[in-house]
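Shown below: run-v4.txt, with compact mmCIF, C-alpha atoms.
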# COMPACT_ATOMS: atom_id res chain seq x y z
CA MET U 1366 -10.90 3.51 21.90
CA THR U 1367 -12.42 6.81 20.82
CA ASP U 1368 -12.67 7.91 17.20
CA SER U 1369 -10.31 10.82 17.80
CA ARG U 1370 -7.59 8.51 19.10
CA ILE U 1371 -8.05 6.15 16.16
CA LEU U 1372 -7.69 9.07 13.76
CA ARG U 1373 -4.52 10.23 15.51
CA LEU U 1374 -3.10 6.71 15.21
CA LEU U 1375 -4.08 6.60 11.53
CA ALA U 1376 -2.32 9.91 10.90
CA ALA U 1377 0.79 9.03 12.90
CA SER U 1378 1.18 5.58 11.32
CA GLY U 1379 0.65 6.92 7.79
CA ILE U 1380 3.30 9.59 8.31
CA ALA U 1381 5.66 7.09 9.94
CA ALA U 1382 5.28 4.65 7.01
CA GLY U 1383 6.11 7.41 4.55
CA LEU U 1384 9.18 8.51 6.51
CA PHE U 1385 10.47 4.94 6.86
CA ALA U 1386 10.09 4.47 3.10
CA ALA U 1387 11.81 7.79 2.37
CA VAL U 1388 14.86 6.52 4.25
CA GLY U 1389 14.73 2.93 3.02
CA VAL U 1390 14.15 3.32 -0.73
CA PRO U 1391 17.46 5.16 -1.42
CA LEU U 1392 19.36 2.26 0.16
CA TYR U 1393 18.46 0.15 -2.88
CA PHE U 1394 20.46 2.49 -5.15
CA VAL U 1395 23.66 2.94 -3.11
CA TYR U 1396 25.57 0.02 -4.67
CA SER U 1397 25.71 -0.96 -8.34
CA GLY U 1398 26.66 -4.56 -7.59
CA ALA U 1399 25.95 -6.93 -4.71
CA PRO U 1400 25.43 -4.79 -1.58
CA PRO U 1401 27.00 -5.62 1.78
CA ALA U 1402 24.89 -7.49 4.31
CA SER U 1403 24.58 -4.38 6.47
CA ASN U 1404 22.88 -2.48 3.64
CA VAL U 1405 20.41 -5.28 2.91
CA LEU U 1406 19.54 -5.85 6.57
CA ALA U 1407 19.10 -2.12 7.15
CA ARG U 1408 16.59 -1.75 4.31
CA ILE U 1409 14.79 -4.92 5.41
CA LEU U 1410 14.49 -3.51 8.94
CA LEU U 1411 12.99 -0.34 7.49
CA ASN U 1412 10.61 -2.47 5.40
CA LEU U 1413 9.49 -4.27 8.56
CA LEU U 1414 8.85 -0.98 10.33
CA THR U 1415 6.98 0.32 7.28
CA CYS U 1416 4.78 -2.78 7.22
CA GLY U 1417 4.00 -2.41 10.93
CA ALA U 1418 2.99 1.21 10.41
CA LEU U 1419 0.89 0.28 7.37
CA LEU U 1420 -1.05 -2.32 9.37
CA VAL U 1421 -2.07 0.34 11.87
CA PHE U 1422 -2.80 2.83 9.08
CA LEU U 1423 -4.98 0.42 7.09
CA THR U 1424 -6.92 -0.63 10.17
CA GLY U 1425 -7.59 3.02 10.92
CA LEU U 1426 -8.61 3.66 7.32
CA ARG U 1427 -11.04 0.74 7.49
CA HIS U 1428 -12.57 2.21 10.64
CA LEU U 1429 -12.85 5.62 9.00
CA ILE U 1430 -14.60 4.26 5.90
CA ARG U 1431 -16.96 2.05 7.91
CA GLY U 1432 -17.93 5.08 9.96
CA ALA U 1433 -19.42 6.65 6.83
CA GLY U 1434 -22.35 4.24 7.06
CA PRO U 1435 -23.41 0.65 6.36
CA ALA U 1436 -23.23 1.26 2.61
CA PHE U 1437 -19.42 1.44 2.88
CA ALA U 1438 -18.86 -1.68 5.00
CA TRP U 1439 -17.97 -3.85 2.00
CA LEU U 1440 -15.48 -1.31 0.65
CA ALA U 1441 -13.89 -1.00 4.09
CA SER U 1442 -13.47 -4.79 4.21
CA LEU U 1443 -11.95 -4.81 0.71
CA VAL U 1444 -9.43 -2.12 1.71
CA SER U 1445 -8.53 -4.02 4.87
CA GLY U 1446 -8.33 -7.44 3.21
CA SER U 1447 -6.22 -6.39 0.24
CA GLY U 1448 -4.03 -4.26 2.52
CA THR U 1449 -3.41 -7.16 4.89
CA ALA U 1450 -2.54 -9.38 1.92
CA TYR U 1451 -0.14 -6.71 0.63
CA VAL U 1452 1.64 -6.43 3.97
CA THR U 1453 1.86 -10.23 4.27
CA VAL U 1454 3.35 -10.59 0.79
CA THR U 1455 5.88 -7.83 1.52
CA LEU U 1456 6.93 -9.47 4.79
CA VAL U 1457 7.38 -12.86 3.09
CA ALA U 1458 9.51 -11.27 0.35
CA ALA U 1459 11.62 -9.45 2.95
CA SER U 1460 12.12 -12.69 4.88
CA VAL U 1461 13.36 -14.49 1.77
CA GLU U 1462 15.84 -11.70 1.07
CA ALA U 1463 17.04 -11.69 4.67
CA GLY U 1464 17.53 -15.45 4.56
CA THR U 1465 19.81 -15.14 1.53
CA VAL U 1466 21.95 -12.50 3.25
CA LEU U 1467 22.10 -14.35 6.56
CA GLU U 1468 23.28 -17.47 4.71
CA HIS U 1469 25.86 -15.50 2.70
CA PRO U 1470 26.92 -12.56 4.94
CA ASP U 1471 30.07 -11.89 2.90
CA GLY U 1472 28.16 -9.65 0.46
CA THR U 1473 28.76 -11.83 -2.60
CA LEU U 1474 25.05 -12.17 -3.44
CA ASP U 1475 22.41 -9.57 -4.24
CA PRO U 1476 19.25 -11.06 -2.68
CA THR U 1477 17.10 -9.12 -5.14
CA VAL U 1478 18.31 -11.23 -8.08
CA ASP U 1479 20.54 -13.97 -6.56
CA GLY U 1480 19.76 -16.94 -4.37
CA THR U 1481 17.63 -20.06 -4.52
CA LEU U 1482 14.28 -18.26 -4.22
CA ALA U 1483 15.24 -14.92 -5.76
CA HIS U 1484 13.34 -15.44 -9.02
CA ALA U 1485 10.26 -16.75 -7.22
CA ASN U 1486 10.49 -13.71 -4.96
CA MET U 1487 10.40 -11.29 -7.88
CA LEU U 1488 6.64 -11.55 -8.34
CA LEU U 1489 6.08 -10.88 -4.64
CA HIS U 1490 8.01 -7.63 -4.95
CA GLY U 1491 6.56 -6.90 -8.38
CA SER U 1492 3.34 -7.99 -10.08
CA VAL U 1493 1.65 -9.53 -7.02
CA ALA U 1494 2.26 -6.46 -4.87
CA ARG U 1495 1.23 -4.15 -7.70
CA LEU U 1496 -2.10 -5.94 -8.19
CA LEU U 1497 -2.93 -5.90 -4.47
CA THR U 1498 -2.04 -2.21 -4.28
CA ALA U 1499 -4.26 -1.42 -7.25
CA VAL U 1500 -7.24 -3.21 -5.66
CA LEU U 1501 -6.65 -1.52 -2.31
CA LEU U 1502 -6.32 2.00 -3.67
CA THR U 1503 -9.20 1.69 -6.12
CA ALA U 1504 -11.50 0.68 -3.27
CA ALA U 1505 -10.10 3.37 -0.98
CA GLY U 1506 -10.39 6.06 -3.65
CA TYR U 1507 -13.99 5.18 -4.45
CA ALA U 1508 -14.94 5.11 -0.77
CA ILE U 1509 -13.28 8.46 -0.10
CA LEU U 1510 -14.91 10.19 -3.07
CA ARG U 1511 -18.35 8.75 -2.33
CA SER U 1512 -18.35 9.26 1.44
CA GLY U 1513 -16.41 12.49 1.87
CA VAL U 1514 -14.51 11.20 4.93
CA LEU U 1515 -11.29 12.69 3.54
CA PRO U 1516 -10.46 15.53 1.13
CA ARG U 1517 -11.35 14.66 -2.44
CA TRP U 1518 -7.76 15.04 -3.64
CA THR U 1519 -6.79 12.00 -1.54
CA GLY U 1520 -9.35 9.91 -3.41
CA ARG U 1521 -8.20 11.17 -6.80
CA CYS U 1522 -4.57 10.48 -5.88
CA ALA U 1523 -5.56 6.97 -4.79
CA TYR U 1524 -7.03 6.37 -8.26
CA ALA U 1525 -3.88 7.72 -9.94
CA VAL U 1526 -1.51 5.54 -7.90
CA ALA U 1527 -3.78 2.53 -8.45
CA ALA U 1528 -3.59 3.09 -12.22
CA VAL U 1529 0.21 3.27 -12.14
CA ASN U 1530 0.39 0.05 -10.11
CA LEU U 1531 -2.01 -1.72 -12.46
CA ALA U 1532 0.15 -0.70 -15.42
CA PHE U 1533 3.10 -2.57 -13.88
CA VAL U 1534 1.28 -5.89 -13.35
CA PRO U 1535 2.31 -7.23 -16.84
CA SER U 1536 5.97 -6.45 -16.09
CA LEU U 1537 6.58 -10.16 -15.42
CA PHE U 1538 6.85 -10.61 -19.22
CA PHE U 1539 9.77 -8.18 -19.53
CA GLY U 1540 12.74 -9.99 -18.05
CA THR U 1541 14.55 -9.94 -14.73
CA ASP U 1542 17.08 -7.14 -15.13
CA ALA U 1543 16.91 -5.00 -11.99
CA ALA U 1544 18.50 -2.10 -13.90
CA ASP U 1545 15.53 -1.89 -16.28
CA PHE U 1546 12.70 0.47 -15.45
CA TYR U 1547 9.97 -1.94 -16.58
CA SER U 1548 10.82 -5.56 -15.75
CA ALA U 1549 9.72 -8.19 -13.25
CA VAL U 1550 12.13 -6.74 -10.70
CA GLY U 1551 12.98 -3.42 -12.37
CA TRP U 1552 13.59 -0.34 -10.26
CA GLY U 1553 10.52 1.41 -11.64
CA ASN U 1554 8.41 -1.56 -10.61
CA THR U 1555 9.70 -2.58 -7.19
CA ALA U 1556 11.14 0.69 -5.87
CA LEU U 1557 9.53 3.74 -7.46
CA THR U 1558 5.99 2.42 -7.93
CA ALA U 1559 5.98 0.57 -4.62
CA ALA U 1560 6.93 3.78 -2.81
CA LEU U 1561 3.98 5.70 -4.29
CA PHE U 1562 1.51 3.80 -2.10
CA VAL U 1563 3.44 4.57 1.08
CA TYR U 1564 3.77 8.23 0.13
CA TRP U 1565 0.00 8.28 -0.41
CA ALA U 1566 -0.40 6.96 3.14
CA LEU U 1567 1.85 9.78 4.33
CA ALA U 1568 -0.30 12.33 2.48
CA VAL U 1569 -3.47 10.88 4.00
CA GLY U 1570 -1.90 11.06 7.46
CA VAL U 1571 -1.12 14.73 6.97
CA ALA U 1572 -4.63 15.37 5.62
CA VAL U 1573 -6.20 13.73 8.68
CA LEU U 1574 -4.09 15.86 11.02
CA ARG U 1575 -5.09 19.03 9.21
CA GLN U 1576 -8.76 18.12 8.86
CA GLY U 1577 -9.42 16.74 12.33
CA THR U 1578 -12.55 14.65 12.77
CA PRO U 1579 -14.06 14.10 9.30
CA VAL U 1580 -17.72 14.50 8.63
CA ALA U 1581 -19.01 11.94 6.15
CA ALA U 1582 -21.36 13.04 3.43
CA PRO U 1583 -24.88 11.65 3.87
CA VAL U 1584 -25.45 8.42 2.02
CA ALA U 1585 -28.51 8.41 -0.17
CA ALA U 1586 -31.09 5.81 0.71
CA PRO U 1587 -31.82 3.26 -2.02
CA ASP U 1588 -34.77 4.04 -4.25
CA THR U 1589 -37.60 1.67 -3.35
CA GLY U 1590 -40.16 3.15 -5.73
CA PRO U 1591 -43.55 4.68 -4.86
CA VAL U 1592 -45.01 3.80 -1.48
CA THR U 1593 -48.56 2.44 -1.55
CA ALA U 1594 -50.67 2.58 1.56
CA ARG U 1595 -51.62 -0.81 2.93
CA GLY U 1596 -55.10 -1.74 1.96
CA ALA U 1597 -55.34 0.89 -0.82
CA ARG U 1598 -57.48 -0.18 -3.73

Could you render the structure from this file as structure tokens?
Amino acid sequence: MTDSRILRLLAASGIAAGLFAAVGVPLYFVYSGAPPASNVLARILLNLLTCGALLVFLTGLRHLIRGAGPAFAWLASLVSGSGTAYVTVTLVAASVEAGTVLEHPDGTLDPTVDGTLAHANMLLHGSVARLLTAVLLTAAGYAILRSGVLPRWTGRCAYAVAAVNLAFVPSLFFGTDAADFYSAVGWGNTALTAALFVYWALAVGVAVLRQGTPVAAPVAAPDTGPVTARGAR
């Protein structure tokens, strides 16, 4: 596959992930109590589609960073590895929620806070996902700013979103009230902050479409000191 096609896939998947999230996030705020099964399954379906789009996006981002030169191979692997872990954790959490609703389709339980595994699931939606996102975006931001493969504002935004996510990692100490902004499963933690990463992917997708094929900045060769001619005395 050519680089241009990979970049088009990166852009399309980033934009698609952002659009899926823009539709899915408001579904978490429609009902004040336990939502009906149709609401929960609809937002889980959108989460699945978002995760699929993110897998394509992150693979494209890895390719883009690696293309900047061998010096960025490790950062590209870190972005890909932490991104894959993030998507896996999100899919597991969505599966647990879906299982609760499929077992109790009458809408009497809110799978976010009710059910056998609900409290174990809170860290997957919250602190675990926030830490993985922070690692991913810190690596991506550094690679973007150092290599120049994307506009610098995308790297700075990656740092900003990473900092916000890192700030929510200790939220596991602040209770389990979903109505609180800062708690293990609070709306600021699992909805607002989680959406920032996907909206960043959307912004990167738009930037790639506008920029076209990026040209990486030259990577400085390591300083090996003065060169001495062989046999010099």

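Once all atoms listed in the file are considered, the residues situated within 9 Å of the file point (-1.0, -3.1, -12.5) turn out to be Ser1492, Val1493, Ala1494, Arg1495, Leu1496, Leu1497, Thr1498, Ala1499, Ala1527, Ala1528, Val1529, Asn1530, Leu1531, Ala1532, Phe1533, Val1534, Pro1535 and Ser1536 of chain U.
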
Nearest to Ser1512 (chain U), restricted to all atoms listed in the file and choosing among U:Leu1440, U:Val1478, U:Ile1371, U:Val1461, comes out as U:Leu1440

Do a neighbour search on Thr1481 (chain U) at 10 Å with only C-alpha atoms, toss out local chain neighbours closer than 5 positions, and write the hits as a PyMOL selection string. chain U and resi 1461+1465+1476+1486

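Residues with any atom within 6 Å of region 1555-1569 of chain U, counting only C-alpha atoms and excluding same-chain neighbours fewer than 4 positions away, are U:Gly1379, U:Ile1380, U:Gly1383, U:His1490, U:Gly1491, U:Val1550.
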
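Going from CA of Pro1391 (chain U) to CA of Gly1553 (chain U) covers 12.9 Å.
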
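In this comparison, which uses all atoms listed in the file, the residue of U:Ser1460, U:Thr1473, U:Thr1503, U:Asn1412 approaching Gly1448 (chain U) most closely is U:Thr1503.
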
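If only C-alpha atoms are the atoms counted, then among U:His1484, U:Arg1373, U:Arg1511, U:Arg1517 the closest residue to Phe1422 (chain U) is U:Arg1373.
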
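Taking CA of Met1366 (chain U) and CA of Phe1385 (chain U) as endpoints, the distance between them is 26.2 Å.
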
To box region 1368-1371 of chain U, take all atoms listed in the file, fit an axis-aligned box, add 3 Å on each side, and give centre and edge lengths in Å to one decimal, as lines of an AutoDock Vina configuration file.
center_x = -10.1
center_y = 8.5
center_z = 17.6
size_x = 11.1
size_y = 10.7
size_z = 8.9

Could you list, as a PyMOL selection string, every residue within 10 Å of Gly1520 (chain U), counting only C-alpha atoms and ignoring same-chain residues fewer than 5 positions away? chain U and resi 1502-1511+1513-1515+1525+1565+1569

Neighbourhood query: residues within 9 Å of (5.6, -7.6, 0.9), file coordinates, counting all atoms listed in the file; return as a short mmCIF file (atom, residue, chain, number, x, y, z; two decimals) with C-alpha atoms, keeping the file's coordinate frame.
data_model
loop_
_atom_site.label_atom_id
_atom_site.label_comp_id
_atom_site.auth_asym_id
_atom_site.auth_seq_id
_atom_site.Cartn_x
_atom_site.Cartn_y
_atom_site.Cartn_z
CA ASN U 1412 10.61 -2.47 5.40
CA CYS U 1416 4.78 -2.78 7.22
CA ALA U 1450 -2.54 -9.38 1.92
CA TYR U 1451 -0.14 -6.71 0.63
CA VAL U 1452 1.64 -6.43 3.97
CA THR U 1453 1.86 -10.23 4.27
CA VAL U 1454 3.35 -10.59 0.79
CA THR U 1455 5.88 -7.83 1.52
CA LEU U 1456 6.93 -9.47 4.79
CA VAL U 1457 7.38 -12.86 3.09
CA ALA U 1458 9.51 -11.27 0.35
CA ALA U 1459 11.62 -9.45 2.95
CA LEU U 1489 6.08 -10.88 -4.64
CA HIS U 1490 8.01 -7.63 -4.95
CA ALA U 1494 2.26 -6.46 -4.87
#

Would you mind listing what lies within 8 Å of Leu1375 (chain U) as a count of residues only, with only C-alpha atoms counted and same-chain residues fewer than 4 positions away left out? 10

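Using all atoms listed in the file, the nearest neighbour of Leu1374 (chain U) within the list U:Leu1419, U:Ser1397, U:Gly1480, U:Ser1548 is U:Leu1419.
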
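Interatomic distance, CA of Arg1408 (chain U) against CA of Leu1392 (chain U): 6.4 Å.
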
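Minimum atom-to-atom distances from U:His1428, U:Leu1474, U:Arg1370, U:Asp1479 to Pro1400 (chain U) were compared using all atoms listed in the file, and the lowest value belongs to U:Leu1474.
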
Write out as a ChimeraX atom specification the residues lying within 9 Å of Val1405 (chain U), counting only C-alpha atoms and excluding same-chain residues fewer than 4 positions away. /U:1392-1393,1400-1401,1409-1410,1462-1463,1466,1475-1476
